[in-house]
Amino acid sequence: MMKNGSNSLNMRLSSGPGIALLSAVLFGASTPFAKILLDQVGPWMLAGLLYLGSGLGLALYRYVKKAVSSSMAVEANLFGSQWKWLGLAILIGGVVGPVLLMAGLAKTSGAETSLLLNLEGVLTAALAWFVFKENFDRRIATGMIAIFAGAIVLTWPESFDIETLTGPILIICACLAWAIDNNLTRKVSLSDPAQIAMIKGCVAGTINVVIALMLGADWPQFHSIAFAGVVGFLGYGVSMVLFIIALRHLGTARTGAYFSLAPFFGAIIAVPLLGESPTYQLIFAGILMGIGVWLHLTENHIHRHRHNPQVHEHKHAHDTHHRHDHPGDVPPGELHSHPHVHEPLEHAHKHYPDAHHRHDH
């Protein structure tokens with residue numbers, strides 16, 4: 001019995017939850033490296049360079065992949081109304097969010113900012129659950145609370161010095177902007193994640209760099225630009241690709257919960273990188289977050305449900321949910337992409353609120 005439970009946990013770690021956790025590790029790791037860069041680059045310029053590093057790095061990756069691969073494209077390209085959802089996500093999360101954050105930073109201490117930024121995960125889940133009607137139960141809600149509590153412990157300041165509510169309100173609005181971005185991105189998550197992350201990085205990066213230059217920032221030295229580009233490619237670009245893939249498998253709230261561990265991973269990496277000392281605060285936060293992750297990883301959501309007819313396009317292989325005919329031969333088990341029809345289907349199995357399981361409960 002223990003062996004089966006262990007195998008089930010390993011399978012989850014290698015699928016949606018594992019992908020979301022790796023995304024959080026990469027993004028969390030970018031924070032201590034960004035702190036090093038802040039000694040040489042202003043915050044707004046750095047934000048732009050990190051986004052540009054992600055966008056241009058993914059553009060190079062897609063170009064090389066296309067040049068060396070003669071096989072058909074596996075991932076589905078963006079089409080139709082998806083461009084509208086992606087455009088809104090970029091505008092709200094890549095432009096409005098950073099502007100609100102920078103405005104809030106000018107009126108709020110760094111400690112208070114770190115504390116308030118934890119609200120992104122909570123707001124992401126709240127929108128997914130109550131606005132976009134994503135399924136959750138008491139176990140998942142408790143896990144989210146435990147992760148959020150750990151994040152609060154991790155970033156709790158020694159003292160507060162709030163002179164005005166303007167700064168905190170602006171930062172909360174920035175978190176709301178990114179929460180909306182996360183939920184809108186789920187609507188396009190079945191399309192090519194590298195294409196989505198590339199576009200978001202290039203557009204958001206260009207806009208933030210232009211704003212930085214308009215505010216009087218100077219171009220940093222080449223080695224700083226190159227360093228920021230590498231950090232941005234891994235910590236923003238690759239991390240965003242993994243985040244979008246996780247959205248496919250887990251839905252928005254669960255992906256956001258795992259991604260909320262990013263500050264903890266960043267704090268762990270900062271210990272050897274920046275010479276910081278581990279604290280009781282870090283250990284206690286890790287325990288709380290560990291409880292939350294365990295509650296999510298051991299979720300066992302199974303019931304009889306009905307799949308309504310739908311037509312869409314995404315990367316898939318032939319399985320229980322994909323039993324359609326093809327124009328041409330596709331070997332069993334081989335990943336491919338094309339528009340396909342889902343016929344009505346009723347069955348019971350373990351599942352997450354992914355693109356194929358958005359039913360009522």
# chains A, B, ... in the order shown; residues from 1 in each chain; ligands from 1

$ residues_around --residues "Cys202 in chain A" --least-positions-apart "6" --cutoff "7 Å" --atoms "only C-alpha atoms" --output "list in words"
Tyr51, Leu52, Gly55 and Leu56 of chain A

$ closest_atom_pairs --of "range 59-170 of chain A" --to "range 265-274 of chain A" --cutoff "12 Å" --atoms "only C-alpha atoms" --output "tab-separated table"
residue	atom	partner	partner_atom	distance
A:Ala151	CA	A:Ala267	CA	10.9
A:Leu154	CA	A:Ala267	CA	8.6
A:Thr155	CA	A:Ala267	CA	9.9

$ atom_distance --atom1 "CA of Pro220 in chain A" --atom2 "CA of Met102 in chain A"
19.3 Å

$ residues_around --residues "range 118-121 of chain A" --least-positions-apart "2" --cutoff "9 Å" --atoms "only C-alpha atoms" --output "PDB file with C-alpha atoms, in the first residue's frame"
ATOM      1  CA  THR A 113       6.527  45.250  -0.146  1.00  0.00           C
ATOM      2  CA  SER A 114       7.815  41.690   0.263  1.00  0.00           C
ATOM      3  CA  LEU A 115       4.962  40.938   2.642  1.00  0.00           C
ATOM      4  CA  LEU A 116       2.292  42.385   0.378  1.00  0.00           C
ATOM      5  CA  LEU A 123      -5.691  36.668  -5.376  1.00  0.00           C
ATOM      6  CA  THR A 124      -4.877  34.273  -8.227  1.00  0.00           C
ATOM      7  CA  ALA A 125      -6.645  31.445  -6.404  1.00  0.00           C
ATOM      8  CA  ALA A 126      -9.579  33.637  -5.358  1.00  0.00           C
ATOM      9  CA  MET A 144      -3.343  27.201   0.002  1.00  0.00           C
ATOM     10  CA  PHE A 148       0.255  31.569   2.253  1.00  0.00           C
ATOM     11  CA  ALA A 151       4.995  33.050   2.861  1.00  0.00           C
ATOM     12  CA  ILE A 152       3.799  35.538   5.475  1.00  0.00           C
ATOM     13  CA  THR A 155       8.575  37.871   4.718  1.00  0.00           C
ATOM     14  CA  ILE A 172      -2.018  45.204  -3.746  1.00  0.00           C
ATOM     15  CA  ALA A 174      -0.159  45.208  -8.750  1.00  0.00           C
ATOM     16  CA  CYS A 175      -0.766  41.766  -7.205  1.00  0.00           C
ATOM     17  CA  LEU A 176      -4.331  41.864  -8.497  1.00  0.00           C
ATOM     18  CA  ALA A 177      -3.023  42.726 -11.974  1.00  0.00           C
ATOM     19  CA  TRP A 178      -0.713  39.695 -11.942  1.00  0.00           C
ATOM     20  CA  ALA A 179      -3.529  37.497 -10.593  1.00  0.00           C
ATOM     21  CA  ALA A 253      -5.315  28.075  -8.485  1.00  0.00           C
ATOM     22  CA  GLY A 256      -0.481  29.467  -8.383  1.00  0.00           C
ATOM     23  CA  ALA A 257      -0.250  27.665  -5.037  1.00  0.00           C
ATOM     24  CA  TYR A 258       2.872  25.750  -6.049  1.00  0.00           C
ATOM     25  CA  PHE A 259       4.356  28.880  -7.624  1.00  0.00           C
ATOM     26  CA  SER A 260       3.859  30.714  -4.318  1.00  0.00           C
ATOM     27  CA  PRO A 263      10.176  33.193  -2.375  1.00  0.00           C
TER      28      PRO A 263
END

$ residues_around --residues "Thr185 in chain A" --least-positions-apart "2" --cutoff "8 Å" --atoms "only C-alpha atoms" --output "ChimeraX atom specification"
/A:85-86,89,181-183,187-189,244
